[in-house]
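Next up, work_23.cif (mmCIF, C-alpha atoms):
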```
data_structure
#
loop_
_atom_site.label_atom_id
_atom_site.label_comp_id
_atom_site.auth_asym_id
_atom_site.auth_seq_id
_atom_site.Cartn_x
_atom_site.Cartn_y
_atom_site.Cartn_z
CA ALA F 1 113.38 91.95 77.96
CA ARG F 2 109.99 90.57 78.97
CA LEU F 3 109.28 93.47 81.34
CA LYS F 4 110.33 96.05 78.74
CA LYS F 5 108.08 94.47 76.12
CA ALA F 6 105.20 94.39 78.62
CA TYR F 7 105.65 98.10 79.34
CA GLU F 8 105.40 98.81 75.63
CA THR F 9 102.43 96.56 74.87
CA ASN F 10 100.46 95.59 77.97
CA PRO F 11 100.45 97.86 81.05
CA TYR F 12 98.48 95.31 83.10
CA GLU F 13 101.06 92.58 82.43
CA ALA F 14 103.86 95.04 83.24
CA GLU F 15 102.21 95.83 86.57
CA GLN F 16 102.02 92.13 87.39
CA LEU F 17 105.62 91.53 86.36
CA LEU F 18 106.77 94.39 88.57
CA LYS F 19 105.72 92.36 91.60
CA GLU F 20 108.21 89.65 90.59
CA CYS F 21 111.07 91.84 89.32
CA ASP F 22 114.25 92.95 90.93
CA ILE F 23 114.27 96.72 91.49
CA HIS F 24 117.56 96.96 89.59
CA SER F 25 115.83 95.55 86.50
CA VAL F 26 113.13 98.19 86.74
CA ALA F 27 115.71 100.97 87.13
CA GLY F 28 117.63 99.54 84.18
CA ILE F 29 114.54 99.62 81.98
CA LEU F 30 113.86 103.23 82.98
CA LYS F 31 117.44 104.23 82.14
CA GLN F 32 117.29 102.37 78.82
CA TYR F 33 113.99 104.04 77.94
CA LEU F 34 115.45 107.48 78.69
CA ARG F 35 118.65 106.72 76.71
CA ASP F 36 116.62 105.49 73.71
CA LEU F 37 114.69 108.75 73.37
CA PRO F 38 115.59 110.49 70.11
CA GLU F 39 116.34 113.62 72.13
CA SER F 40 117.01 113.89 75.84
CA LEU F 41 114.41 115.33 78.19
CA PHE F 42 116.65 118.41 78.22
CA THR F 43 116.40 119.30 74.52
CA ASN F 44 119.53 119.75 72.40
CA ALA F 45 119.40 123.54 72.57
CA VAL F 46 118.92 123.57 76.34
CA TYR F 47 121.48 120.78 76.88
CA HIS F 48 124.28 122.80 75.27
CA LYS F 49 123.34 125.91 77.24
CA LEU F 50 123.31 123.88 80.48
CA LEU F 51 126.83 122.66 79.71
CA GLN F 52 127.92 126.27 79.23
CA ALA F 53 126.20 127.26 82.47
CA TYR F 54 128.01 124.47 84.32
CA ASN F 55 131.22 126.47 83.86
CA ILE F 56 129.85 129.69 85.39
CA PRO F 57 132.05 130.29 88.44
CA ASP F 58 129.46 132.32 90.38
CA GLU F 59 127.26 129.73 92.12
CA GLU F 60 124.23 132.02 92.42
CA LEU F 61 124.35 133.02 88.76
CA ARG F 62 124.86 129.39 87.71
CA ALA F 63 121.80 128.30 89.76
CA LYS F 64 119.67 131.09 88.30
CA THR F 65 120.79 130.13 84.79
CA TYR F 66 119.93 126.44 85.35
CA LEU F 67 116.44 127.37 86.55
CA GLN F 68 115.85 129.75 83.64
CA LEU F 69 117.01 127.11 81.16
CA LEU F 70 114.57 124.58 82.61
CA THR F 71 111.73 127.00 81.78
CA ARG F 72 112.83 126.93 78.11
CA LEU F 73 111.89 123.26 77.82
CA PRO F 74 108.45 122.46 76.42
CA GLN F 75 106.05 122.26 79.37
CA ASN F 76 104.70 118.92 78.16
CA PRO F 77 106.23 116.46 78.05
CA ASN F 78 109.78 117.64 78.80
CA GLN F 79 109.40 119.87 81.87
CA ALA F 80 106.69 117.68 83.35
CA CYS F 81 108.85 114.56 82.96
CA VAL F 82 111.94 116.26 84.40
CA VAL F 83 110.00 117.45 87.44
CA PHE F 84 108.39 114.04 87.97
CA LEU F 85 111.71 112.22 87.60
CA VAL F 86 113.52 114.59 89.96
CA GLU F 87 110.76 114.18 92.56
CA HIS F 88 110.98 110.40 92.24
CA LEU F 89 114.78 110.29 92.53
CA VAL F 90 114.65 112.52 95.62
CA ARG F 91 112.14 110.11 97.18
CA VAL F 92 114.41 107.15 96.41
CA ALA F 93 117.37 109.00 97.94
CA GLN F 94 115.39 109.48 101.16
CA PHE F 95 115.96 105.75 101.70
CA GLU F 96 119.72 106.00 101.19
CA TYR F 97 120.32 104.10 104.44
CA GLN F 98 118.67 101.06 102.80
CA ASN F 99 119.46 101.43 99.11
CA LYS F 100 122.85 103.25 99.22
CA MET F 101 121.54 105.73 96.63
CA SER F 102 122.42 109.24 97.80
CA LEU F 103 121.57 112.31 95.75
CA HIS F 104 125.16 112.22 94.49
CA ASN F 105 124.81 108.59 93.42
CA MET F 106 121.48 109.33 91.74
CA ALA F 107 123.06 112.22 89.83
CA THR F 108 126.01 110.05 88.79
CA VAL F 109 123.78 107.23 87.54
CA PHE F 110 120.99 109.27 85.95
CA GLY F 111 122.80 112.47 84.86
CA PRO F 112 124.22 111.02 81.63
CA THR F 113 120.90 109.23 81.04
CA VAL F 114 118.69 112.34 81.08
CA LEU F 115 121.23 114.90 79.82
CA PHE F 116 122.86 113.97 76.54
CA PRO F 117 123.46 115.58 73.17
CA GLY F 118 121.24 114.60 70.29
CA GLN F 119 122.52 112.21 67.64
CA GLU F 120 123.28 114.98 65.15
CA SER F 121 125.51 116.64 67.78
CA ASP F 122 127.49 113.41 68.17
CA LYS F 123 128.30 113.31 64.45
CA LYS F 124 129.67 116.85 64.53
CA ASN F 125 131.89 116.23 67.57
CA SER F 126 135.31 115.04 66.43
CA GLU F 127 136.84 114.93 69.94
CA GLN F 128 133.91 113.00 71.36
CA LEU F 129 135.93 110.79 73.71
CA ALA F 130 137.73 113.69 75.40
CA THR F 131 134.54 115.71 75.56
CA SER F 132 132.41 112.86 76.86
CA THR F 133 134.38 112.54 80.13
CA VAL F 134 133.93 116.23 80.84
CA ASP F 135 130.28 115.99 79.78
CA VAL F 136 129.59 113.13 82.21
CA MET F 137 130.91 115.23 85.09
CA ALA F 138 128.79 118.17 83.96
CA GLN F 139 125.70 116.01 83.38
CA SER F 140 125.97 114.60 86.89
CA GLY F 141 126.63 118.03 88.38
CA ILE F 142 123.66 119.61 86.63
CA LEU F 143 121.26 116.87 87.71
CA HIS F 144 122.70 117.02 91.25
CA PHE F 145 121.79 120.71 91.36
CA PHE F 146 118.13 119.97 90.59
CA LEU F 147 118.01 116.97 92.97
CA SER F 148 119.59 118.91 95.83
CA ARG F 149 117.29 121.86 95.33
CA ARG F 150 114.17 119.65 95.49
CA ALA F 151 115.55 117.70 98.45
CA ARG F 152 115.79 121.03 100.32
CA GLY F 153 112.13 121.68 99.45
CA GLU F 154 112.90 124.39 96.93
CA PRO F 155 111.08 124.46 93.57
CA ILE F 156 112.89 123.67 90.35
CA GLN F 157 110.25 125.34 88.20
CA ILE F 158 110.25 129.11 88.31
CA SER F 159 108.15 131.68 86.51
CA CYS F 160 110.09 134.15 84.39
#
```
What would the structure in this file look like if it were written as structure tokens?
Amino acid sequence: ARLKKAYETNPYEAEQLLKECDIHSVAGILKQYLRDLPESLFTNAVYHKLLQAYNIPDEELRAKTYLQLLTRLPQNPNQACVVFLVEHLVRVAQFEYQNKMSLHNMATVFGPTVLFPGQESDKKNSEQLATSTVDVMAQSGILHFFLSRRARGEPIQISC
């Protein structure tokens, strides 16, 4: 709680507290911040289209669709934040031998955090529990696509 409050009010204090904090606390604050956004980094319109694209059986077409949908996000802050976060998670996964966080684990942990329907979508969804399990698998799979692509050195931002 103290670190979160420092991030919100005093960047210098937050920087000092980081030196004393457990890395899991820092990751938890990042996940909480992303969950508390009124809309996910992948906007509502793009989120629903990504879920549809997840079910495209042709892998090449699915990949192309994911990349095109990313370009539909506002450049700032959404696309910029997604790119920065993906780059960071790929860097963390490079130390998998120490931290046990593979790209798959990163996608599992952060997928539902960065890809979620907006609050108005939740109210409309009467079968939310059944849908949410499928959504979590899709959210993780979609993020895993972007993480894997960057880990291979391929860009996730394309020009249309």
Nearest candidate to Ile23 in chain F (options F:Leu3, F:Leu115, F:Leu147, F:Ala107; using all atoms listed in the file):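 For Ile23 in chain F, the nearest of the given residues is F:Leu3.
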Take the PyMOL selection byres ((chain F and resi 83) around 12), run it mentally on this structure, and tell me the resulting residues as a PyMOL selection string. chain F and resi 41-42+67+70-71+73+75-82+84-90+114+143+146-147+149-150+155-158
Based on the selection just made, write C-alpha atoms of those residues as a short mmCIF file (atom, residue, chain, number, x, y, z; two decimals), in the coordinates of the input.
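Ended up saving to part12.cif:
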```cif
data_model
loop_
_atom_site.label_atom_id
_atom_site.label_comp_id
_atom_site.auth_asym_id
_atom_site.auth_seq_id
_atom_site.Cartn_x
_atom_site.Cartn_y
_atom_site.Cartn_z
CA LEU F 41 114.41 115.33 78.19
CA PHE F 42 116.65 118.41 78.22
CA LEU F 67 116.44 127.37 86.55
CA LEU F 70 114.57 124.58 82.61
CA THR F 71 111.73 127.00 81.78
CA LEU F 73 111.89 123.26 77.82
CA GLN F 75 106.05 122.26 79.37
CA ASN F 76 104.70 118.92 78.16
CA PRO F 77 106.23 116.46 78.05
CA ASN F 78 109.78 117.64 78.80
CA GLN F 79 109.40 119.87 81.87
CA ALA F 80 106.69 117.68 83.35
CA CYS F 81 108.85 114.56 82.96
CA VAL F 82 111.94 116.26 84.40
CA PHE F 84 108.39 114.04 87.97
CA LEU F 85 111.71 112.22 87.60
CA VAL F 86 113.52 114.59 89.96
CA GLU F 87 110.76 114.18 92.56
CA HIS F 88 110.98 110.40 92.24
CA LEU F 89 114.78 110.29 92.53
CA VAL F 90 114.65 112.52 95.62
CA VAL F 114 118.69 112.34 81.08
CA LEU F 143 121.26 116.87 87.71
CA PHE F 146 118.13 119.97 90.59
CA LEU F 147 118.01 116.97 92.97
CA ARG F 149 117.29 121.86 95.33
CA ARG F 150 114.17 119.65 95.49
CA PRO F 155 111.08 124.46 93.57
CA ILE F 156 112.89 123.67 90.35
CA GLN F 157 110.25 125.34 88.20
CA ILE F 158 110.25 129.11 88.31
#
```
So how many Å separate CA of Ile142 in chain F and CA of Asp22 in chain F, to one decimal? 28.6 Å
Of the residues F:Val26, F:Leu51, F:Leu37, F:Ala14, which is the one nearest to Val134 in chain F, using all atoms listed in the file? F:Leu51
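Atom pair CA of Thr113 in chain F / CA of Val136 in chain F has a distance of 9.6 Å (rounded to one decimal).
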Would you work out the distance separating CA of Ala138 in chain F from CA of Ser159 in chain F, expressed in Å to one decimal?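 It comes out at 24.8 Å.
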Resolved residues for the PyMOL selection byres ((chain F and resi 49) around 12) as a PyMOL selection string: chain F and resi 42-48+50-56+62+65-70+72-73+115-117+138-139+142
Could you write out as a PDB file with C-alpha atoms, in the coordinates of the input the residues that the PyMOL selection byres ((chain F and resi 31-34) around 10) matches in the shown file?
```
ATOM      1  CA  LYS F   4     110.330  96.050  78.740  1.00  0.00           C
ATOM      2  CA  SER F  25     115.830  95.550  86.500  1.00  0.00           C
ATOM      3  CA  VAL F  26     113.130  98.190  86.740  1.00  0.00           C
ATOM      4  CA  ALA F  27     115.710 100.970  87.130  1.00  0.00           C
ATOM      5  CA  GLY F  28     117.630  99.540  84.180  1.00  0.00           C
ATOM      6  CA  ILE F  29     114.540  99.620  81.980  1.00  0.00           C
ATOM      7  CA  LEU F  30     113.860 103.230  82.980  1.00  0.00           C
ATOM      8  CA  ARG F  35     118.650 106.720  76.710  1.00  0.00           C
ATOM      9  CA  ASP F  36     116.620 105.490  73.710  1.00  0.00           C
ATOM     10  CA  LEU F  37     114.690 108.750  73.370  1.00  0.00           C
ATOM     11  CA  PRO F  38     115.590 110.490  70.110  1.00  0.00           C
ATOM     12  CA  GLU F  39     116.340 113.620  72.130  1.00  0.00           C
ATOM     13  CA  SER F  40     117.010 113.890  75.840  1.00  0.00           C
ATOM     14  CA  LEU F  41     114.410 115.330  78.190  1.00  0.00           C
ATOM     15  CA  VAL F 109     123.780 107.230  87.540  1.00  0.00           C
ATOM     16  CA  PHE F 110     120.990 109.270  85.950  1.00  0.00           C
ATOM     17  CA  PRO F 112     124.220 111.020  81.630  1.00  0.00           C
ATOM     18  CA  THR F 113     120.900 109.230  81.040  1.00  0.00           C
ATOM     19  CA  VAL F 114     118.690 112.340  81.080  1.00  0.00           C
ATOM     20  CA  LEU F 115     121.230 114.900  79.820  1.00  0.00           C
TER      21      LEU F 115
END
```
For Ser148 in chain F: contacts at 7 Å, only C-alpha atoms, fewer than 4 positions along chain excluded, given as a PyMOL selection string: chain F and resi 103+144+152
Would you save the residues of that selection, restricted to C-alpha atoms, as an mmCIF file, in the coordinates of the input?
```cif
data_model
loop_
_atom_site.group_PDB
_atom_site.id
_atom_site.type_symbol
_atom_site.label_atom_id
_atom_site.label_comp_id
_atom_site.auth_asym_id
_atom_site.auth_seq_id
_atom_site.Cartn_x
_atom_site.Cartn_y
_atom_site.Cartn_z
ATOM 1 C CA LEU F 103 121.570 112.310 95.750
ATOM 2 C CA HIS F 144 122.700 117.020 91.250
ATOM 3 C CA ARG F 152 115.790 121.030 100.320
#
```
Test item: axis-aligned box, all listed atoms of range 5-14 of chain F, 5 Å on each side, centre and edges in Å rounded to one decimal, as JSON:
```
{"center_x": 103.3, "center_y": 95.7, "center_z": 79.1, "size_x": 19.6, "size_y": 16.2, "size_z": 18.4}
```
Option closest in space to Cys21 in chain F, from F:Glu8, F:Asp58, F:Arg2, F:Ala93 [counting all atoms listed in the file]: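 When distances to Cys21 in chain F are compared using all atoms listed in the file, the smallest one comes from F:Arg2.
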My structure is short of atoms at range 57-68 of chain F; please model all heavy atoms there, returning them as a PDB file, keeping the file's coordinate frame.
```pdb
ATOM      1  N   PRO F  57     131.426 130.394  87.119  1.00  0.00           N
ATOM      2  CA  PRO F  57     132.050 130.290  88.440  1.00  0.00           C
ATOM      3  C   PRO F  57     131.168 130.787  89.594  1.00  0.00           C
ATOM      4  O   PRO F  57     131.231 130.246  90.699  1.00  0.00           O
ATOM      5  CB  PRO F  57     133.326 131.144  88.325  1.00  0.00           C
ATOM      6  CG  PRO F  57     133.204 131.922  87.070  1.00  0.00           C
ATOM      7  CD  PRO F  57     132.127 131.309  86.233  1.00  0.00           C
ATOM      8  N   ASP F  58     130.329 131.772  89.334  1.00  0.00           N
ATOM      9  CA  ASP F  58     129.460 132.320  90.380  1.00  0.00           C
ATOM     10  C   ASP F  58     128.294 131.362  90.623  1.00  0.00           C
ATOM     11  O   ASP F  58     127.444 131.166  89.748  1.00  0.00           O
ATOM     12  CB  ASP F  58     128.949 133.696  89.944  1.00  0.00           C
ATOM     13  CG  ASP F  58     128.072 134.349  90.998  1.00  0.00           C
ATOM     14  OD1 ASP F  58     126.883 133.964  91.076  1.00  0.00           O
ATOM     15  OD2 ASP F  58     128.573 135.222  91.716  1.00  0.00           O
ATOM     16  N   GLU F  59     128.255 130.771  91.810  1.00  0.00           N
ATOM     17  CA  GLU F  59     127.260 129.730  92.120  1.00  0.00           C
ATOM     18  C   GLU F  59     125.824 130.242  92.007  1.00  0.00           C
ATOM     19  O   GLU F  59     124.953 129.551  91.491  1.00  0.00           O
ATOM     20  CB  GLU F  59     127.517 129.198  93.539  1.00  0.00           C
ATOM     21  CG  GLU F  59     126.751 127.953  93.864  1.00  0.00           C
ATOM     22  CD  GLU F  59     127.129 127.384  95.224  1.00  0.00           C
ATOM     23  OE1 GLU F  59     128.291 127.528  95.643  1.00  0.00           O
ATOM     24  OE2 GLU F  59     126.240 126.787  95.855  1.00  0.00           O
ATOM     25  N   GLU F  60     125.583 131.467  92.470  1.00  0.00           N
ATOM     26  CA  GLU F  60     124.230 132.020  92.420  1.00  0.00           C
ATOM     27  C   GLU F  60     123.776 132.258  90.981  1.00  0.00           C
ATOM     28  O   GLU F  60     122.645 131.933  90.612  1.00  0.00           O
ATOM     29  CB  GLU F  60     124.183 133.330  93.222  1.00  0.00           C
ATOM     30  CG  GLU F  60     122.782 133.813  93.498  1.00  0.00           C
ATOM     31  CD  GLU F  60     122.781 135.004  94.459  1.00  0.00           C
ATOM     32  OE1 GLU F  60     123.540 134.989  95.446  1.00  0.00           O
ATOM     33  OE2 GLU F  60     122.018 135.940  94.179  1.00  0.00           O
ATOM     34  N   LEU F  61     124.669 132.793  90.172  1.00  0.00           N
ATOM     35  CA  LEU F  61     124.350 133.020  88.760  1.00  0.00           C
ATOM     36  C   LEU F  61     124.155 131.697  88.026  1.00  0.00           C
ATOM     37  O   LEU F  61     123.242 131.562  87.199  1.00  0.00           O
ATOM     38  CB  LEU F  61     125.454 133.843  88.089  1.00  0.00           C
ATOM     39  CG  LEU F  61     125.255 134.132  86.595  1.00  0.00           C
ATOM     40  CD1 LEU F  61     123.945 134.875  86.340  1.00  0.00           C
ATOM     41  CD2 LEU F  61     126.441 134.906  86.047  1.00  0.00           C
ATOM     42  N   ARG F  62     124.986 130.702  88.341  1.00  0.00           N
ATOM     43  CA  ARG F  62     124.860 129.390  87.710  1.00  0.00           C
ATOM     44  C   ARG F  62     123.493 128.775  88.056  1.00  0.00           C
ATOM     45  O   ARG F  62     122.783 128.278  87.179  1.00  0.00           O
ATOM     46  CB  ARG F  62     125.995 128.467  88.171  1.00  0.00           C
ATOM     47  CG  ARG F  62     126.004 127.125  87.468  1.00  0.00           C
ATOM     48  CD  ARG F  62     127.231 126.295  87.783  1.00  0.00           C
ATOM     49  NE  ARG F  62     127.394 126.031  89.195  1.00  0.00           N
ATOM     50  CZ  ARG F  62     128.387 126.482  89.960  1.00  0.00           C
ATOM     51  NH1 ARG F  62     129.353 127.222  89.453  1.00  0.00           N
ATOM     52  NH2 ARG F  62     128.443 126.189  91.238  1.00  0.00           N
ATOM     53  N   ALA F  63     123.095 128.860  89.335  1.00  0.00           N
ATOM     54  CA  ALA F  63     121.800 128.300  89.760  1.00  0.00           C
ATOM     55  C   ALA F  63     120.650 129.011  89.042  1.00  0.00           C
ATOM     56  O   ALA F  63     119.721 128.362  88.545  1.00  0.00           O
ATOM     57  CB  ALA F  63     121.654 128.437  91.276  1.00  0.00           C
ATOM     58  N   LYS F  64     120.718 130.320  88.975  1.00  0.00           N
ATOM     59  CA  LYS F  64     119.670 131.090  88.300  1.00  0.00           C
ATOM     60  C   LYS F  64     119.587 130.700  86.828  1.00  0.00           C
ATOM     61  O   LYS F  64     118.492 130.549  86.270  1.00  0.00           O
ATOM     62  CB  LYS F  64     119.960 132.588  88.458  1.00  0.00           C
ATOM     63  CG  LYS F  64     118.901 133.483  87.879  1.00  0.00           C
ATOM     64  CD  LYS F  64     119.234 134.958  88.112  1.00  0.00           C
ATOM     65  CE  LYS F  64     118.163 135.822  87.496  1.00  0.00           C
ATOM     66  NZ  LYS F  64     118.439 137.242  87.643  1.00  0.00           N
ATOM     67  N   THR F  65     120.740 130.519  86.204  1.00  0.00           N
ATOM     68  CA  THR F  65     120.790 130.130  84.790  1.00  0.00           C
ATOM     69  C   THR F  65     120.172 128.749  84.584  1.00  0.00           C
ATOM     70  O   THR F  65     119.381 128.542  83.654  1.00  0.00           O
ATOM     71  CB  THR F  65     122.234 130.178  84.268  1.00  0.00           C
ATOM     72  OG1 THR F  65     122.772 131.484  84.499  1.00  0.00           O
ATOM     73  CG2 THR F  65     122.289 129.856  82.788  1.00  0.00           C
ATOM     74  N   TYR F  66     120.519 127.784  85.448  1.00  0.00           N
ATOM     75  CA  TYR F  66     119.930 126.440  85.350  1.00  0.00           C
ATOM     76  C   TYR F  66     118.393 126.523  85.409  1.00  0.00           C
ATOM     77  O   TYR F  66     117.702 125.899  84.611  1.00  0.00           O
ATOM     78  CB  TYR F  66     120.394 125.554  86.503  1.00  0.00           C
ATOM     79  CG  TYR F  66     121.797 125.021  86.429  1.00  0.00           C
ATOM     80  CD1 TYR F  66     122.413 124.535  87.574  1.00  0.00           C
ATOM     81  CD2 TYR F  66     122.516 124.957  85.242  1.00  0.00           C
ATOM     82  CE1 TYR F  66     123.704 124.011  87.544  1.00  0.00           C
ATOM     83  CE2 TYR F  66     123.803 124.448  85.197  1.00  0.00           C
ATOM     84  CZ  TYR F  66     124.386 123.978  86.361  1.00  0.00           C
ATOM     85  OH  TYR F  66     125.657 123.454  86.330  1.00  0.00           O
ATOM     86  N   LEU F  67     117.892 127.279  86.368  1.00  0.00           N
ATOM     87  CA  LEU F  67     116.440 127.370  86.550  1.00  0.00           C
ATOM     88  C   LEU F  67     115.774 128.046  85.353  1.00  0.00           C
ATOM     89  O   LEU F  67     114.711 127.611  84.909  1.00  0.00           O
ATOM     90  CB  LEU F  67     116.118 128.117  87.846  1.00  0.00           C
ATOM     91  CG  LEU F  67     116.553 127.393  89.127  1.00  0.00           C
ATOM     92  CD1 LEU F  67     116.382 128.305  90.335  1.00  0.00           C
ATOM     93  CD2 LEU F  67     115.779 126.099  89.307  1.00  0.00           C
ATOM     94  N   GLN F  68     116.411 129.081  84.821  1.00  0.00           N
ATOM     95  CA  GLN F  68     115.850 129.750  83.640  1.00  0.00           C
ATOM     96  C   GLN F  68     115.862 128.818  82.433  1.00  0.00           C
ATOM     97  O   GLN F  68     114.915 128.805  81.645  1.00  0.00           O
ATOM     98  CB  GLN F  68     116.621 131.029  83.336  1.00  0.00           C
ATOM     99  CG  GLN F  68     116.337 132.143  84.311  1.00  0.00           C
ATOM    100  CD  GLN F  68     117.217 133.360  84.094  1.00  0.00           C
ATOM    101  OE1 GLN F  68     118.265 133.286  83.462  1.00  0.00           O
ATOM    102  NE2 GLN F  68     116.790 134.488  84.638  1.00  0.00           N
TER     103      GLN F  68
END
```
